[in-house]
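Asks: Pasting in a structure now, in structure tokens, and then I'll have a few things to ask.
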Amino acid sequence: MRNKISDSVKSLGGQQRKYKHFDAQKEKVYKTLLKQPKTMLMVSLETGILRANICRHISTLQKENRVFIKYKAICPISKHSAGFYTTNTKIV
């Protein structure tokens, strides 16, 4: 019984570190979008964060009203139509 409790506490500690990592990623994405409007792919290449995670972070930031779509245009990297996101309210 005692081993099960200690194992569950250890696993909880591991998840807390994982969430701190995602919080750090979210803040890195926020700061990157503060400089100038960028697409998710541009942020991914600049920060080294997977684009799937950036999509999740931008979605969360949109729900918190901390990120906005500035405009839609052709991404200079992928050459496809994409949204340019920003967190700078002075630009919006």
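Residue names in the structure tokens use chain letters A, B, ... in the order shown, residue numbers from 1 in each chain, and ligand numbers from 1 in the order shown.
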Which polymer residues have any atom within 12 Å of an atom of Pro76 in chain A, counting only C-alpha atoms, with same-chain residues fewer than 5 positions away left out, as a list in words?

Replies: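 Neighbouring residues, sequence-local ones excluded: Lys38, Thr39, Met40, Leu41, Met42, Ser81, Ala82, Gly83 and Phe84 of chain A.
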
Asks: Residues near range 52-62 of chain A, anyone? I mean within 9 Å using only C-alpha atoms, not counting same-chain ones fewer than 2 positions away, as a PDB file with all heavy atoms, in the first residue's frame.

Replies:
ATOM      1  N   PHE A  22       5.146  23.309 -20.505  1.00  0.00           N
ATOM      2  CA  PHE A  22       4.172  23.877 -21.437  1.00  0.00           C
ATOM      3  C   PHE A  22       3.891  25.345 -21.117  1.00  0.00           C
ATOM      4  O   PHE A  22       3.693  26.150 -22.030  1.00  0.00           O
ATOM      5  CB  PHE A  22       2.874  23.071 -21.439  1.00  0.00           C
ATOM      6  CG  PHE A  22       2.972  21.797 -22.220  1.00  0.00           C
ATOM      7  CD1 PHE A  22       2.704  20.583 -21.620  1.00  0.00           C
ATOM      8  CD2 PHE A  22       3.326  21.796 -23.552  1.00  0.00           C
ATOM      9  CE1 PHE A  22       2.789  19.396 -22.335  1.00  0.00           C
ATOM     10  CE2 PHE A  22       3.421  20.627 -24.287  1.00  0.00           C
ATOM     11  CZ  PHE A  22       3.150  19.419 -23.666  1.00  0.00           C
ATOM     12  N   ASP A  23       3.875  25.706 -19.842  1.00  0.00           N
ATOM     13  CA  ASP A  23       3.694  27.110 -19.475  1.00  0.00           C
ATOM     14  C   ASP A  23       4.857  27.954 -19.980  1.00  0.00           C
ATOM     15  O   ASP A  23       4.668  29.065 -20.466  1.00  0.00           O
ATOM     16  CB  ASP A  23       3.543  27.267 -17.964  1.00  0.00           C
ATOM     17  CG  ASP A  23       2.208  26.740 -17.454  1.00  0.00           C
ATOM     18  OD1 ASP A  23       1.277  26.593 -18.273  1.00  0.00           O
ATOM     19  OD2 ASP A  23       2.107  26.483 -16.238  1.00  0.00           O
ATOM     20  N   GLN A  25       6.687  27.253 -22.582  1.00  0.00           N
ATOM     21  CA  GLN A  25       6.515  27.341 -24.032  1.00  0.00           C
ATOM     22  C   GLN A  25       5.487  28.401 -24.389  1.00  0.00           C
ATOM     23  O   GLN A  25       5.684  29.182 -25.322  1.00  0.00           O
ATOM     24  CB  GLN A  25       6.058  26.000 -24.600  1.00  0.00           C
ATOM     25  CG  GLN A  25       7.129  24.980 -24.767  1.00  0.00           C
ATOM     26  CD  GLN A  25       6.612  23.734 -25.461  1.00  0.00           C
ATOM     27  OE1 GLN A  25       5.402  23.560 -25.684  1.00  0.00           O
ATOM     28  NE2 GLN A  25       7.515  22.842 -25.807  1.00  0.00           N
ATOM     29  N   LYS A  26       4.379  28.424 -23.658  1.00  0.00           N
ATOM     30  CA  LYS A  26       3.306  29.381 -23.929  1.00  0.00           C
ATOM     31  C   LYS A  26       3.823  30.812 -23.782  1.00  0.00           C
ATOM     32  O   LYS A  26       3.537  31.674 -24.617  1.00  0.00           O
ATOM     33  CB  LYS A  26       2.145  29.127 -22.971  1.00  0.00           C
ATOM     34  CG  LYS A  26       0.940  29.995 -23.193  1.00  0.00           C
ATOM     35  CD  LYS A  26      -0.186  29.518 -22.301  1.00  0.00           C
ATOM     36  CE  LYS A  26      -0.953  30.652 -21.741  1.00  0.00           C
ATOM     37  NZ  LYS A  26      -2.018  30.238 -20.827  1.00  0.00           N
ATOM     38  N   GLU A  27       4.604  31.078 -22.756  1.00  0.00           N
ATOM     39  CA  GLU A  27       5.162  32.421 -22.562  1.00  0.00           C
ATOM     40  C   GLU A  27       6.177  32.764 -23.645  1.00  0.00           C
ATOM     41  O   GLU A  27       6.263  33.911 -24.080  1.00  0.00           O
ATOM     42  CB  GLU A  27       5.792  32.541 -21.176  1.00  0.00           C
ATOM     43  CG  GLU A  27       4.768  32.653 -20.073  1.00  0.00           C
ATOM     44  CD  GLU A  27       3.760  33.779 -20.293  1.00  0.00           C
ATOM     45  OE1 GLU A  27       4.173  34.926 -20.574  1.00  0.00           O
ATOM     46  OE2 GLU A  27       2.550  33.500 -20.200  1.00  0.00           O
ATOM     47  N   VAL A  29       6.043  31.677 -26.751  1.00  0.00           N
ATOM     48  CA  VAL A  29       5.224  31.993 -27.931  1.00  0.00           C
ATOM     49  C   VAL A  29       4.651  33.401 -27.793  1.00  0.00           C
ATOM     50  O   VAL A  29       4.690  34.191 -28.742  1.00  0.00           O
ATOM     51  CB  VAL A  29       4.091  30.952 -28.109  1.00  0.00           C
ATOM     52  CG1 VAL A  29       3.069  31.409 -29.140  1.00  0.00           C
ATOM     53  CG2 VAL A  29       4.671  29.605 -28.484  1.00  0.00           C
ATOM     54  N   TYR A  30       4.154  33.739 -26.610  1.00  0.00           N
ATOM     55  CA  TYR A  30       3.582  35.063 -26.362  1.00  0.00           C
ATOM     56  C   TYR A  30       4.627  36.154 -26.633  1.00  0.00           C
ATOM     57  O   TYR A  30       4.350  37.128 -27.326  1.00  0.00           O
ATOM     58  CB  TYR A  30       3.079  35.155 -24.918  1.00  0.00           C
ATOM     59  CG  TYR A  30       2.492  36.504 -24.575  1.00  0.00           C
ATOM     60  CD1 TYR A  30       1.171  36.782 -24.870  1.00  0.00           C
ATOM     61  CD2 TYR A  30       3.258  37.496 -23.980  1.00  0.00           C
ATOM     62  CE1 TYR A  30       0.622  38.017 -24.577  1.00  0.00           C
ATOM     63  CE2 TYR A  30       2.723  38.735 -23.690  1.00  0.00           C
ATOM     64  CZ  TYR A  30       1.412  38.983 -23.982  1.00  0.00           C
ATOM     65  OH  TYR A  30       0.877  40.219 -23.700  1.00  0.00           O
ATOM     66  N   MET A  40       2.146  30.677 -37.437  1.00  0.00           N
ATOM     67  CA  MET A  40       2.545  29.605 -36.517  1.00  0.00           C
ATOM     68  C   MET A  40       3.836  28.931 -36.975  1.00  0.00           C
ATOM     69  O   MET A  40       4.683  28.588 -36.155  1.00  0.00           O
ATOM     70  CB  MET A  40       1.436  28.573 -36.406  1.00  0.00           C
ATOM     71  CG  MET A  40       0.213  29.072 -35.691  1.00  0.00           C
ATOM     72  SD  MET A  40      -0.972  27.743 -35.508  1.00  0.00           S
ATOM     73  CE  MET A  40      -2.443  28.674 -35.180  1.00  0.00           C
ATOM     74  N   LEU A  41       4.000  28.765 -38.279  1.00  0.00           N
ATOM     75  CA  LEU A  41       5.210  28.140 -38.797  1.00  0.00           C
ATOM     76  C   LEU A  41       6.430  29.017 -38.525  1.00  0.00           C
ATOM     77  O   LEU A  41       7.505  28.516 -38.161  1.00  0.00           O
ATOM     78  CB  LEU A  41       5.071  27.859 -40.291  1.00  0.00           C
ATOM     79  CG  LEU A  41       6.253  27.183 -40.982  1.00  0.00           C
ATOM     80  CD1 LEU A  41       6.588  25.852 -40.302  1.00  0.00           C
ATOM     81  CD2 LEU A  41       5.957  26.969 -42.452  1.00  0.00           C
ATOM     82  N   VAL A  43       6.813  31.104 -36.048  1.00  0.00           N
ATOM     83  CA  VAL A  43       7.091  31.005 -34.611  1.00  0.00           C
ATOM     84  C   VAL A  43       7.766  29.672 -34.310  1.00  0.00           C
ATOM     85  O   VAL A  43       8.719  29.610 -33.533  1.00  0.00           O
ATOM     86  CB  VAL A  43       5.801  31.165 -33.785  1.00  0.00           C
ATOM     87  CG1 VAL A  43       6.055  30.909 -32.315  1.00  0.00           C
ATOM     88  CG2 VAL A  43       5.212  32.552 -33.977  1.00  0.00           C
ATOM     89  N   SER A  44       7.299  28.612 -34.951  1.00  0.00           N
ATOM     90  CA  SER A  44       7.877  27.285 -34.729  1.00  0.00           C
ATOM     91  C   SER A  44       9.353  27.253 -35.105  1.00  0.00           C
ATOM     92  O   SER A  44      10.180  26.740 -34.358  1.00  0.00           O
ATOM     93  CB  SER A  44       7.107  26.250 -35.539  1.00  0.00           C
ATOM     94  OG  SER A  44       7.701  24.979 -35.420  1.00  0.00           O
ATOM     95  N   ILE A  49       9.823  25.219 -31.023  1.00  0.00           N
ATOM     96  CA  ILE A  49       8.666  24.542 -30.436  1.00  0.00           C
ATOM     97  C   ILE A  49       7.863  23.911 -31.566  1.00  0.00           C
ATOM     98  O   ILE A  49       7.696  24.516 -32.632  1.00  0.00           O
ATOM     99  CB  ILE A  49       7.791  25.542 -29.650  1.00  0.00           C
ATOM    100  CG1 ILE A  49       8.591  26.178 -28.525  1.00  0.00           C
ATOM    101  CG2 ILE A  49       6.545  24.868 -29.104  1.00  0.00           C
ATOM    102  CD1 ILE A  49       7.886  27.328 -27.831  1.00  0.00           C
ATOM    103  N   LEU A  50       7.372  22.693 -31.352  1.00  0.00           N
ATOM    104  CA  LEU A  50       6.575  22.020 -32.372  1.00  0.00           C
ATOM    105  C   LEU A  50       5.343  22.849 -32.731  1.00  0.00           C
ATOM    106  O   LEU A  50       4.730  23.471 -31.868  1.00  0.00           O
ATOM    107  CB  LEU A  50       6.125  20.646 -31.877  1.00  0.00           C
ATOM    108  CG  LEU A  50       7.216  19.606 -31.677  1.00  0.00           C
ATOM    109  CD1 LEU A  50       6.620  18.347 -31.051  1.00  0.00           C
ATOM    110  CD2 LEU A  50       7.879  19.276 -32.992  1.00  0.00           C
ATOM    111  N   GLU A  64      -8.049  33.584 -23.827  1.00  0.00           N
ATOM    112  CA  GLU A  64      -7.718  34.544 -22.774  1.00  0.00           C
ATOM    113  C   GLU A  64      -7.674  35.979 -23.301  1.00  0.00           C
ATOM    114  O   GLU A  64      -7.337  36.901 -22.567  1.00  0.00           O
ATOM    115  CB  GLU A  64      -6.354  34.193 -22.178  1.00  0.00           C
ATOM    116  CG  GLU A  64      -6.301  32.849 -21.498  1.00  0.00           C
ATOM    117  CD  GLU A  64      -4.890  32.428 -21.117  1.00  0.00           C
ATOM    118  OE1 GLU A  64      -3.925  33.173 -21.410  1.00  0.00           O
ATOM    119  OE2 GLU A  64      -4.742  31.353 -20.519  1.00  0.00           O
ATOM    120  N   ASN A  65      -7.989  36.173 -24.588  1.00  0.00           N
ATOM    121  CA  ASN A  65      -7.925  37.488 -25.258  1.00  0.00           C
ATOM    122  C   ASN A  65      -6.547  38.119 -25.145  1.00  0.00           C
ATOM    123  O   ASN A  65      -6.406  39.320 -24.946  1.00  0.00           O
ATOM    124  CB  ASN A  65      -8.988  38.441 -24.707  1.00  0.00           C
ATOM    125  CG  ASN A  65     -10.371  38.030 -25.117  1.00  0.00           C
ATOM    126  OD1 ASN A  65     -10.571  37.542 -26.231  1.00  0.00           O
ATOM    127  ND2 ASN A  65     -11.329  38.200 -24.238  1.00  0.00           N
ATOM    128  N   ARG A  66      -5.504  37.293 -25.326  1.00  0.00           N
ATOM    129  CA  ARG A  66      -4.134  37.793 -25.263  1.00  0.00           C
ATOM    130  C   ARG A  66      -3.443  37.746 -26.614  1.00  0.00           C
ATOM    131  O   ARG A  66      -2.337  38.256 -26.754  1.00  0.00           O
ATOM    132  CB  ARG A  66      -3.328  36.978 -24.247  1.00  0.00           C
ATOM    133  CG  ARG A  66      -3.832  37.146 -22.825  1.00  0.00           C
ATOM    134  CD  ARG A  66      -3.072  36.285 -21.843  1.00  0.00           C
ATOM    135  NE  ARG A  66      -1.667  36.653 -21.794  1.00  0.00           N
ATOM    136  CZ  ARG A  66      -0.714  35.859 -21.294  1.00  0.00           C
ATOM    137  NH1 ARG A  66      -1.024  34.682 -20.804  1.00  0.00           N
ATOM    138  NH2 ARG A  66       0.541  36.260 -21.281  1.00  0.00           N
ATOM    139  N   VAL A  67      -4.064  37.127 -27.622  1.00  0.00           N
ATOM    140  CA  VAL A  67      -3.493  37.069 -28.963  1.00  0.00           C
ATOM    141  C   VAL A  67      -4.605  37.336 -29.975  1.00  0.00           C
ATOM    142  O   VAL A  67      -5.760  36.985 -29.751  1.00  0.00           O
ATOM    143  CB  VAL A  67      -2.787  35.718 -29.244  1.00  0.00           C
ATOM    144  CG1 VAL A  67      -3.777  34.598 -29.344  1.00  0.00           C
ATOM    145  CG2 VAL A  67      -1.932  35.780 -30.478  1.00  0.00           C
ATOM    146  N   PHE A  68      -4.223  37.995 -31.091  1.00  0.00           N
ATOM    147  CA  PHE A  68      -5.193  38.394 -32.102  1.00  0.00           C
ATOM    148  C   PHE A  68      -4.628  38.119 -33.487  1.00  0.00           C
ATOM    149  O   PHE A  68      -3.417  38.147 -33.690  1.00  0.00           O
ATOM    150  CB  PHE A  68      -5.493  39.897 -31.990  1.00  0.00           C
ATOM    151  CG  PHE A  68      -5.832  40.325 -30.592  1.00  0.00           C
ATOM    152  CD1 PHE A  68      -4.859  40.844 -29.753  1.00  0.00           C
ATOM    153  CD2 PHE A  68      -7.122  40.188 -30.112  1.00  0.00           C
ATOM    154  CE1 PHE A  68      -5.167  41.228 -28.458  1.00  0.00           C
ATOM    155  CE2 PHE A  68      -7.439  40.566 -28.821  1.00  0.00           C
ATOM    156  CZ  PHE A  68      -6.459  41.093 -27.998  1.00  0.00           C
ATOM    157  N   TYR A  85      -0.434  36.287 -36.480  1.00  0.00           N
ATOM    158  CA  TYR A  85      -0.886  36.536 -35.113  1.00  0.00           C
ATOM    159  C   TYR A  85       0.022  37.531 -34.419  1.00  0.00           C
ATOM    160  O   TYR A  85       1.208  37.611 -34.699  1.00  0.00           O
ATOM    161  CB  TYR A  85      -0.890  35.223 -34.319  1.00  0.00           C
ATOM    162  CG  TYR A  85      -1.864  34.213 -34.845  1.00  0.00           C
ATOM    163  CD1 TYR A  85      -1.494  33.304 -35.830  1.00  0.00           C
ATOM    164  CD2 TYR A  85      -3.168  34.165 -34.380  1.00  0.00           C
ATOM    165  CE1 TYR A  85      -2.387  32.367 -36.327  1.00  0.00           C
ATOM    166  CE2 TYR A  85      -4.064  33.227 -34.865  1.00  0.00           C
ATOM    167  CZ  TYR A  85      -3.668  32.347 -35.829  1.00  0.00           C
ATOM    168  OH  TYR A  85      -4.557  31.422 -36.314  1.00  0.00           O
ATOM    169  N   THR A  87       0.478  39.573 -30.312  1.00  0.00           N
ATOM    170  CA  THR A  87       0.029  39.784 -28.938  1.00  0.00           C
ATOM    171  C   THR A  87       0.163  41.243 -28.542  1.00  0.00           C
ATOM    172  O   THR A  87      -0.220  41.632 -27.454  1.00  0.00           O
ATOM    173  CB  THR A  87       0.861  38.921 -27.956  1.00  0.00           C
ATOM    174  OG1 THR A  87       2.247  39.226 -28.120  1.00  0.00           O
ATOM    175  CG2 THR A  87       0.616  37.452 -28.188  1.00  0.00           C
TER     176      THR A  87
END

Asks: Given the choices A:Lys72, A:Leu45, A:Lys63, A:Leu34, which gets closest to Thr86 in chain A if the distance is worked out from only C-alpha atoms?

Replies: A:Leu34

Asks: List every residue of range 60-91 of chain A that DSSP, applied to the backbone of this structure, assigns to strand (DSSP E or B), and report them as a ChimeraX atom specification.

Replies: /A:68-74,81-86

Asks: Those residues you just picked out, can you put them in a file as a PDB file, in the first residue's frame with N, CA, C and O atoms?

Replies:
ATOM      1  N   PHE A  68      -4.223  37.995 -31.091  1.00  0.00           N
ATOM      2  CA  PHE A  68      -5.193  38.394 -32.102  1.00  0.00           C
ATOM      3  C   PHE A  68      -4.628  38.119 -33.487  1.00  0.00           C
ATOM      4  O   PHE A  68      -3.417  38.147 -33.690  1.00  0.00           O
ATOM      5  N   ILE A  69      -5.523  37.897 -34.450  1.00  0.00           N
ATOM      6  CA  ILE A  69      -5.083  37.783 -35.840  1.00  0.00           C
ATOM      7  C   ILE A  69      -4.982  39.196 -36.388  1.00  0.00           C
ATOM      8  O   ILE A  69      -5.962  39.942 -36.406  1.00  0.00           O
ATOM      9  N   LYS A  70      -3.790  39.566 -36.817  1.00  0.00           N
ATOM     10  CA  LYS A  70      -3.574  40.899 -37.386  1.00  0.00           C
ATOM     11  C   LYS A  70      -4.115  40.937 -38.813  1.00  0.00           C
ATOM     12  O   LYS A  70      -4.818  41.848 -39.197  1.00  0.00           O
ATOM     13  N   TYR A  71      -3.730  39.938 -39.626  1.00  0.00           N
ATOM     14  CA  TYR A  71      -4.207  39.852 -41.006  1.00  0.00           C
ATOM     15  C   TYR A  71      -3.926  38.449 -41.528  1.00  0.00           C
ATOM     16  O   TYR A  71      -3.220  37.669 -40.901  1.00  0.00           O
ATOM     17  N   LYS A  72      -4.500  38.144 -42.682  1.00  0.00           N
ATOM     18  CA  LYS A  72      -4.226  36.881 -43.362  1.00  0.00           C
ATOM     19  C   LYS A  72      -3.506  37.206 -44.654  1.00  0.00           C
ATOM     20  O   LYS A  72      -3.897  38.119 -45.386  1.00  0.00           O
ATOM     21  N   ALA A  73      -2.440  36.461 -44.908  1.00  0.00           N
ATOM     22  CA  ALA A  73      -1.637  36.685 -46.110  1.00  0.00           C
ATOM     23  C   ALA A  73      -0.879  35.396 -46.432  1.00  0.00           C
ATOM     24  O   ALA A  73      -1.028  34.385 -45.747  1.00  0.00           O
ATOM     25  N   ILE A  74      -0.061  35.456 -47.458  1.00  0.00           N
ATOM     26  CA  ILE A  74       0.755  34.313 -47.843  1.00  0.00           C
ATOM     27  C   ILE A  74       1.952  34.219 -46.902  1.00  0.00           C
ATOM     28  O   ILE A  74       2.686  35.195 -46.718  1.00  0.00           O
ATOM     29  N   SER A  81      -1.709  30.460 -47.736  1.00  0.00           N
ATOM     30  CA  SER A  81      -2.443  31.457 -46.974  1.00  0.00           C
ATOM     31  C   SER A  81      -2.420  31.088 -45.493  1.00  0.00           C
ATOM     32  O   SER A  81      -2.655  29.932 -45.128  1.00  0.00           O
ATOM     33  N   ALA A  82      -2.128  32.082 -44.647  1.00  0.00           N
ATOM     34  CA  ALA A  82      -2.036  31.819 -43.206  1.00  0.00           C
ATOM     35  C   ALA A  82      -2.378  33.079 -42.435  1.00  0.00           C
ATOM     36  O   ALA A  82      -2.275  34.196 -42.961  1.00  0.00           O
ATOM     37  N   GLY A  83      -2.758  32.891 -41.187  1.00  0.00           N
ATOM     38  CA  GLY A  83      -3.033  34.019 -40.310  1.00  0.00           C
ATOM     39  C   GLY A  83      -1.756  34.498 -39.645  1.00  0.00           C
ATOM     40  O   GLY A  83      -0.930  33.705 -39.214  1.00  0.00           O
ATOM     41  N   PHE A  84      -1.587  35.808 -39.590  1.00  0.00           N
ATOM     42  CA  PHE A  84      -0.462  36.415 -38.886  1.00  0.00           C
ATOM     43  C   PHE A  84      -0.971  36.874 -37.535  1.00  0.00           C
ATOM     44  O   PHE A  84      -1.840  37.739 -37.454  1.00  0.00           O
ATOM     45  N   TYR A  85      -0.434  36.287 -36.480  1.00  0.00           N
ATOM     46  CA  TYR A  85      -0.886  36.536 -35.113  1.00  0.00           C
ATOM     47  C   TYR A  85       0.022  37.531 -34.419  1.00  0.00           C
ATOM     48  O   TYR A  85       1.208  37.611 -34.699  1.00  0.00           O
ATOM     49  N   THR A  86      -0.575  38.292 -33.492  1.00  0.00           N
ATOM     50  CA  THR A  86       0.196  39.211 -32.675  1.00  0.00           C
ATOM     51  C   THR A  86      -0.371  39.257 -31.267  1.00  0.00           C
ATOM     52  O   THR A  86      -1.565  38.998 -31.062  1.00  0.00           O
TER      53      THR A  86
END

Asks: Of the residues A:Thr89, A:His21, A:Thr32, A:His80, which is the one nearest to Thr47 in chain A, using only C-alpha atoms?

Replies: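 Going through A:Thr89, A:His21, A:Thr32, A:His80 one by one, the smallest distance to Thr47 in chain A is for A:Thr32.
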